[in-house]
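K.L.:
Data: protein03.csv, CSV, C-alpha atoms.
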chain,number,residue,atom,x,y,z
A,242,MET,CA,-147.0,-46.7,-25.2
A,243,HIS,CA,-149.9,-48.6,-23.6
A,244,PHE,CA,-148.5,-51.8,-25.0
A,245,LEU,CA,-145.7,-51.4,-22.4
A,246,ALA,CA,-148.1,-50.7,-19.5
A,247,ASN,CA,-147.9,-54.3,-18.4
A,248,PRO,CA,-144.6,-54.6,-16.3
A,249,ALA,CA,-144.2,-58.2,-17.3
A,250,ARG,CA,-144.3,-57.3,-21.0
A,251,PHE,CA,-142.0,-54.4,-20.4
A,252,LEU,CA,-139.4,-56.6,-18.6
A,253,LYS,CA,-139.5,-59.1,-21.4
A,254,ILE,CA,-138.4,-56.4,-23.8
A,255,ALA,CA,-136.1,-54.5,-21.4
A,256,ARG,CA,-133.9,-57.5,-20.4
A,257,PRO,CA,-132.3,-58.2,-23.8
A,258,LEU,CA,-132.5,-54.5,-24.8
A,259,THR,CA,-130.4,-53.5,-21.8
A,260,ALA,CA,-127.5,-55.7,-23.0
A,261,TRP,CA,-127.7,-54.5,-26.6
A,262,LEU,CA,-127.8,-50.9,-25.6
A,263,GLY,CA,-125.0,-51.3,-23.0
A,264,CYS,CA,-122.7,-53.2,-25.4
A,265,GLY,CA,-123.4,-51.0,-28.4
A,266,GLY,CA,-122.9,-47.9,-26.3
A,267,ALA,CA,-119.6,-49.1,-24.9
A,268,LEU,CA,-118.3,-50.0,-28.4
A,269,LEU,CA,-119.3,-46.6,-29.9
A,270,ILE,CA,-117.8,-44.8,-26.9
A,271,ALA,CA,-114.5,-46.7,-27.3
A,272,VAL,CA,-114.4,-45.9,-31.1
A,273,GLY,CA,-115.5,-42.3,-30.7
A,274,LEU,CA,-113.1,-41.5,-27.9
A,275,GLY,CA,-110.2,-43.4,-29.5
A,276,ILE,CA,-110.5,-41.4,-32.7
A,277,GLY,CA,-111.2,-38.2,-30.9
A,278,LEU,CA,-108.3,-38.4,-28.5
A,279,PHE,CA,-105.7,-40.0,-30.6
A,280,VAL,CA,-106.5,-39.5,-34.3
A,281,ALA,CA,-108.5,-36.3,-34.8
A,282,PRO,CA,-106.5,-33.1,-35.2
A,283,GLN,CA,-106.1,-30.6,-32.4
A,284,ASP,CA,-107.9,-27.2,-32.7
A,285,TYR,CA,-105.9,-24.4,-34.3
A,286,LEU,CA,-106.9,-22.0,-31.4
A,287,GLN,CA,-107.5,-24.3,-28.4
A,288,GLY,CA,-104.9,-26.9,-29.1
A,289,GLU,CA,-105.1,-30.2,-27.3
A,290,SER,CA,-107.6,-29.0,-24.8
A,291,VAL,CA,-110.4,-29.2,-27.4
A,292,ARG,CA,-110.3,-33.0,-27.0
A,293,ILE,CA,-112.3,-32.6,-23.7
A,294,MET,CA,-115.4,-31.9,-26.0
A,295,TYR,CA,-115.6,-35.6,-26.8
A,296,VAL,CA,-116.8,-36.2,-23.2
A,297,HIS,CA,-118.2,-32.7,-22.4
A,298,VAL,CA,-120.6,-32.4,-25.3
A,299,PRO,CA,-122.3,-35.8,-24.8
A,300,ALA,CA,-122.5,-35.1,-21.0
A,301,ALA,CA,-124.2,-31.7,-21.7
A,302,TRP,CA,-126.6,-33.3,-24.2
A,303,LEU,CA,-127.6,-36.1,-21.8
A,304,GLY,CA,-127.8,-33.8,-18.8
A,305,MET,CA,-130.5,-31.8,-20.7
A,306,ALA,CA,-132.0,-34.9,-22.4
A,307,GLY,CA,-132.4,-36.7,-19.0
A,308,TRP,CA,-134.5,-33.9,-17.6
A,309,THR,CA,-136.5,-33.7,-20.8
A,310,GLY,CA,-137.2,-37.4,-20.4
A,311,ILE,CA,-138.3,-36.8,-16.7
A,312,ALA,CA,-140.7,-34.0,-17.8
A,313,ALA,CA,-142.2,-36.2,-20.6
A,314,ALA,CA,-142.6,-39.2,-18.2
A,315,SER,CA,-144.1,-36.9,-15.6
A,316,LEU,CA,-146.6,-35.6,-18.1
A,317,VAL,CA,-147.6,-39.1,-19.0
A,318,GLN,CA,-147.9,-40.0,-15.4
A,319,LEU,CA,-150.2,-37.0,-14.5
A,320,VAL,CA,-152.4,-37.1,-17.6
A,321,TRP,CA,-152.6,-40.8,-18.6
A,322,ARG,CA,-151.5,-42.4,-15.3
A,323,HIS,CA,-149.3,-44.8,-17.1
A,324,PRO,CA,-148.0,-47.3,-14.5
A,325,LEU,CA,-144.4,-47.2,-15.7
A,326,ALA,CA,-144.1,-43.5,-16.2
A,327,GLY,CA,-143.1,-42.7,-12.6
A,328,VAL,CA,-140.7,-45.6,-12.7
A,329,ALA,CA,-139.0,-44.2,-15.8
A,330,ALA,CA,-138.8,-40.7,-14.4
A,331,ARG,CA,-137.2,-41.9,-11.2
A,332,ALA,CA,-134.8,-44.1,-13.2
A,333,MET,CA,-133.6,-41.1,-15.2
A,334,ALA,CA,-132.8,-38.9,-12.3
A,335,VAL,CA,-129.5,-40.3,-11.1
A,336,PRO,CA,-127.8,-40.9,-14.5
A,337,GLY,CA,-129.1,-37.5,-15.7
A,338,GLY,CA,-127.6,-35.8,-12.6
A,339,LEU,CA,-124.3,-37.6,-13.1
A,340,PHE,CA,-124.0,-36.5,-16.7
A,341,ALA,CA,-124.9,-32.9,-15.6
A,342,ALA,CA,-122.1,-33.1,-13.0
A,343,LEU,CA,-119.7,-34.5,-15.6
A,344,CYS,CA,-120.7,-31.7,-17.9
A,345,LEU,CA,-119.8,-29.1,-15.3
A,346,ALA,CA,-116.5,-30.8,-14.3
A,347,THR,CA,-115.3,-31.2,-17.9
A,348,GLY,CA,-116.4,-27.7,-18.7
A,349,SER,CA,-114.4,-26.3,-15.8
A,350,LEU,CA,-111.3,-28.2,-17.0
A,351,TRP,CA,-111.8,-27.0,-20.5
A,352,GLY,CA,-112.4,-23.4,-19.3
A,353,ARG,CA,-109.2,-23.1,-17.4
A,354,PRO,CA,-106.9,-23.1,-20.5
A,355,THR,CA,-109.5,-21.4,-22.7
A,356,TRP,CA,-110.9,-18.7,-20.5
A,357,GLY,CA,-108.2,-18.5,-17.9
A,358,THR,CA,-110.6,-19.6,-15.1
A,359,TYR,CA,-112.3,-22.8,-13.9
A,360,TRP,CA,-115.6,-21.1,-13.3
A,361,GLU,CA,-117.5,-18.0,-14.4
A,362,TRP,CA,-121.0,-17.1,-13.4
A,363,ASP,CA,-121.9,-17.3,-17.1
A,364,GLY,CA,-125.5,-17.9,-18.3
A,365,ARG,CA,-124.8,-21.4,-19.6
A,366,LEU,CA,-122.7,-22.5,-16.7
A,367,THR,CA,-125.1,-21.1,-14.1
A,368,SER,CA,-128.2,-22.6,-15.7
A,369,MET,CA,-126.4,-26.0,-15.9
A,370,LEU,CA,-125.5,-25.8,-12.2
A,371,ILE,CA,-129.2,-25.1,-11.4
A,372,LEU,CA,-130.1,-28.2,-13.5
A,373,LEU,CA,-127.7,-30.3,-11.3
A,374,PHE,CA,-129.4,-29.0,-8.1
A,375,LEU,CA,-132.8,-29.8,-9.7
A,376,TYR,CA,-131.7,-33.4,-10.3
A,377,ILE,CA,-130.6,-33.7,-6.7
A,378,ALA,CA,-133.9,-32.2,-5.4
A,379,TYR,CA,-136.0,-34.4,-7.7
A,380,ALA,CA,-134.2,-37.6,-6.7
A,381,ALA,CA,-134.6,-36.8,-3.0
A,382,LEU,CA,-138.3,-35.9,-3.5
A,383,ALA,CA,-139.1,-39.0,-5.5
A,384,ALA,CA,-137.4,-41.2,-3.0
A,385,ALA,CA,-139.2,-39.7,-0.1
A,386,ASP,CA,-142.5,-39.9,-1.9
A,387,ARG,CA,-141.9,-43.6,-2.7
A,388,GLU,CA,-141.0,-44.4,0.9
A,389,ARG,CA,-144.3,-42.9,2.0
A,390,GLY,CA,-146.2,-45.0,-0.5
A,391,GLY,CA,-147.3,-41.9,-2.5
A,392,GLU,CA,-148.4,-41.9,-6.1
A,393,GLY,CA,-145.5,-39.6,-7.2
A,394,ARG,CA,-147.7,-36.7,-8.2
A,395,VAL,CA,-145.6,-34.2,-6.3
A,396,SER,CA,-142.4,-35.3,-7.9
A,397,ALA,CA,-144.1,-35.4,-11.3
A,398,ILE,CA,-145.2,-31.8,-11.0
A,399,PHE,CA,-141.7,-30.9,-9.9
A,400,GLY,CA,-140.4,-32.7,-13.0
A,401,LEU,CA,-142.6,-30.6,-15.3
A,402,VAL,CA,-141.9,-27.3,-13.6
A,403,GLY,CA,-138.1,-27.9,-13.7
A,404,ALA,CA,-138.3,-28.3,-17.4
A,405,ILE,CA,-138.5,-24.5,-17.7
A,406,ASN,CA,-134.7,-24.6,-17.2
A,407,ILE,CA,-134.0,-26.6,-20.3
A,408,PRO,CA,-134.7,-23.8,-22.9
A,409,ILE,CA,-132.8,-21.4,-20.6
A,410,ILE,CA,-129.7,-23.6,-20.9
A,411,ARG,CA,-130.2,-24.1,-24.7
A,412,TYR,CA,-130.6,-20.4,-25.5
A,413,SER,CA,-128.5,-18.8,-22.8
A,414,VAL,CA,-125.7,-18.1,-25.1
A,415,GLU,CA,-128.1,-16.2,-27.4
A,416,TRP,CA,-130.0,-14.3,-24.7
A,417,TRP,CA,-127.1,-13.0,-22.7
A,418,ARG,CA,-123.5,-12.0,-23.3
A,419,THR,CA,-121.5,-15.0,-22.3
A,420,LEU,CA,-118.1,-16.5,-22.4
A,421,HIS,CA,-119.5,-19.8,-23.5
A,422,GLN,CA,-119.2,-20.4,-27.3
A,423,GLY,CA,-122.3,-20.6,-29.4
A,424,GLN,CA,-123.8,-23.6,-31.2
A,425,SER,CA,-121.2,-25.4,-33.3
A,426,ILE,CA,-123.5,-28.1,-34.7
A,427,SER,CA,-126.8,-27.5,-36.4
A,428,LEU,CA,-129.3,-29.9,-37.9
A,429,ALA,CA,-130.0,-27.3,-40.6
A,430,GLY,CA,-126.4,-27.4,-41.7
A,431,GLY,CA,-123.7,-24.8,-41.4
A,432,ASN,CA,-121.7,-26.6,-38.8
A,433,SER,CA,-118.6,-24.7,-37.6
A,434,ILE,CA,-116.7,-27.9,-36.7
A,435,ASP,CA,-114.6,-29.8,-39.2
A,436,ALA,CA,-115.7,-33.3,-40.3
A,437,SER,CA,-112.5,-34.9,-38.8
A,438,MET,CA,-113.7,-33.7,-35.4
A,439,LEU,CA,-117.4,-34.0,-36.0
A,440,TRP,CA,-117.7,-37.7,-36.7
A,441,PRO,CA,-115.9,-39.0,-33.6
A,442,LEU,CA,-118.0,-36.5,-31.6
A,443,LEU,CA,-121.2,-37.9,-33.0
A,444,LEU,CA,-120.0,-41.5,-32.4
A,445,SER,CA,-119.2,-40.6,-28.8
A,446,THR,CA,-122.5,-38.8,-28.3
A,447,LEU,CA,-124.5,-41.7,-29.7
A,448,GLY,CA,-122.4,-44.2,-27.5
A,449,PHE,CA,-123.1,-42.3,-24.3
A,450,SER,CA,-126.8,-42.0,-25.3
A,451,LEU,CA,-127.1,-45.8,-25.7
A,452,LEU,CA,-125.3,-46.3,-22.4
A,453,PHE,CA,-127.7,-43.8,-20.7
A,454,GLY,CA,-130.6,-45.8,-22.1
A,455,ALA,CA,-129.1,-49.1,-20.7
A,456,ILE,CA,-128.6,-47.5,-17.3
A,457,VAL,CA,-132.2,-46.2,-17.2
A,458,LEU,CA,-133.5,-49.7,-18.2
A,459,MET,CA,-131.4,-51.4,-15.5
A,460,ARG,CA,-132.7,-48.9,-12.9
A,461,MET,CA,-136.3,-49.4,-14.0
A,462,ARG,CA,-135.9,-53.2,-13.8
A,463,ALA,CA,-134.4,-52.8,-10.3
A,464,ASP,CA,-137.3,-50.6,-9.2
A,465,LEU,CA,-139.9,-53.0,-10.5
A,466,ALA,CA,-138.1,-55.9,-8.7
A,467,ARG,CA,-138.0,-54.0,-5.5
A,468,THR,CA,-141.8,-53.3,-5.8
A,469,ARG,CA,-142.5,-57.0,-6.3
A,470,ILE,CA,-140.4,-58.0,-3.3
A,471,GLU,CA,-142.1,-55.4,-1.1
A,472,ALA,CA,-145.5,-56.6,-2.2
A,473,ARG,CA,-144.5,-60.2,-1.4
A,474,LEU,CA,-143.3,-59.2,2.0
A,475,ARG,CA,-146.5,-57.4,2.8
A,476,ARG,CA,-148.5,-60.5,1.8
A,477,MET,CA,-146.4,-62.7,4.0
A,478,ALA,CA,-146.7,-60.3,6.9
A,479,ALA,CA,-150.5,-60.3,6.5
Show me the file's structure as structure tokens.
P.N.:
Amino acid sequence: MHFLANPARFLKIARPLTAWLGCGGALLIAVGLGIGLFVAPQDYLQGESVRIMYVHVPAAWLGMAGWTGIAAASLVQLVWRHPLAGVAARAMAVPGGLFAALCLATGSLWGRPTWGTYWEWDGRLTSMLILLFLYIAYAALAAADRERGGEGRVSAIFGLVGAINIPIIRYSVEWWRTLHQGQSISLAGGNSIDASMLWPLLLSTLGFSLLFGAIVLMRMRADLARTRIEARLRRMAA
């Protein structure tokens, strides 16, 4: 971790890695969605509407993973004062929020034919909506703190506190009676989804994850470039 503390060293690695992650993610997304939308069978109960899951599930995963990343970077920033931790946390806010919004949008479209309604104040849906609001608040707070020239401690604390919502999202279907279905995929086995649907879903999820990583790296590089330009302008003004 400390190896990447030097921005120049980080940029040397991030530049080629951004392209690899972006291209690899786009390829996997194309393959996963192609198989999921046109080759994989429809569900015996939900019919063709089940194909929304090839976007909905990756979006839900990355919406939660994005905030988990913000919390981890915030912890590193507060405890070890890693110079790139705050940059990484800010870079994850916008793409994480976009995936949370995409999760809610696709979930509503999926819910209409399945539940008979676009929205229900269900534990999973409500906690995911709260996550979207947390992303918006964090992005605004981090931007305001950066404009003031702050160290980002306030936004880092907010990032850690907001992480309380992640286990609520994860276990909401077990803690409360809910319309949302339970977990279909388990690392311990016992998956309730057929392999013909599982593999394109995993490919799509991996592809979106790589694309998320590429977007975060691009935003980090842009943030560092902006910092260098601002420092140069201050020296010229002096």
K.L.:
Do you know which residues are at most 10 Å from A:Leu262 counting only C-alpha atoms, after dropping those on the same chain fewer than 3 positions away, and could you put them as a count of residues only?
P.N.:
18
K.L.:
Using all atoms listed in the file, which protein or nucleic acid residues come within 7 Å of stretch 339-345 of chain A? Drop anything in the same chain fewer than 2 positions from it, and give the result as a PyMOL selection string.
P.N.:
chain A and resi 297+300-301+303-304+335-337+347-349+373
K.L.:
So which residues touch stretch 410-425 of chain A within 10 Å, counting all atoms listed in the file, skipping near sequence neighbours fewer than 2 positions away, as an NGL selection string?
P.N.:
:A and (301-302 or 305 or 348 or 352 or 355-356 or 361-372 or 405-408 or 427 or 431-435 or 439)
K.L.:
Distance atom CA of A:Tyr295-atom CA of A:Leu278, one decimal place?
P.N.:
8.0 Å
K.L.:
Would you pick out the contacts of stretch 391-404 of chain A at 12 Å or less, using only C-alpha atoms, so that residues sharing its chain but fewer than 5 positions from it are not included, and give the list as an MDAnalysis selection string?
P.N.:
chainID A and resid 304:320 322:331 333:334 368 371:386 409:411
K.L.:
What lies within 8 Å of A:Ala281 using only C-alpha atoms, ignoring chain neighbours under 3 positions off, as a VMD selection string?
P.N.:
chain A and resid 276 to 278 437 to 438 441
K.L.:
For the selection just defined, write its residues with C-alpha atoms to a file, as an mmCIF file, keeping the file's coordinate frame.
P.N.:
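selection06.cif, written as the output of this step:
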data_model
loop_
_atom_site.group_PDB
_atom_site.id
_atom_site.type_symbol
_atom_site.label_atom_id
_atom_site.label_comp_id
_atom_site.auth_asym_id
_atom_site.auth_seq_id
_atom_site.Cartn_x
_atom_site.Cartn_y
_atom_site.Cartn_z
ATOM 1 C CA ILE A 276 -110.500 -41.400 -32.700
ATOM 2 C CA GLY A 277 -111.200 -38.200 -30.900
ATOM 3 C CA LEU A 278 -108.300 -38.400 -28.500
ATOM 4 C CA SER A 437 -112.500 -34.900 -38.800
ATOM 5 C CA MET A 438 -113.700 -33.700 -35.400
ATOM 6 C CA PRO A 441 -115.900 -39.000 -33.600
#
K.L.:
Please report the interatomic distance between atom CA of A:Met477 and atom CA of A:Arg462 in Å with one decimal.
P.N.:
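Rounded to one decimal, the two atoms are 22.7 Å apart.
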K.L.:
Which residue out of A:Ala271, A:Val296, A:Leu252, A:Val280 has the minimum interatomic distance to A:Thr446 when only C-alpha atoms are used?
P.N.:
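Nearest candidate to A:Thr446 out of A:Ala271, A:Val296, A:Leu252, A:Val280: A:Val296.
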K.L.:
Looking at A:Ala463, A:Glu471, A:Ser445, A:Trp351, which one is nearest to A:Ile270, with distances taken over only C-alpha atoms?
P.N.:
A:Ser445
K.L.:
Report, in Å with one decimal, the straight-line distance from atom CA of A:Arg460 to atom CA of A:Gly275.
P.N.:
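Atom CA of A:Gly275 lies 28.5 Å from atom CA of A:Arg460.
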K.L.:
Under the rule that all atoms listed in the file are counted, which of A:Met461, A:Gly263, A:Gly357, A:Phe279 is the nearest residue to A:Phe251?
P.N.:
A:Met461
K.L.:
I need the residue nearest A:Ile254 from this list: A:Ala472, A:Ala478, A:Leu274, A:Met459. Use only C-alpha atoms for the distance.
P.N.:
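Using only C-alpha atoms, the shortest distance to A:Ile254 belongs to A:Met459.
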K.L.:
Would you please work out which residue, of A:Ala332, A:Val457, A:Arg473, A:Thr468, is nearest to A:Glu388 when using all atoms listed in the file?
P.N.:
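Of A:Ala332, A:Val457, A:Arg473, A:Thr468, the one nearest A:Glu388, counting all atoms listed in the file, is A:Thr468.
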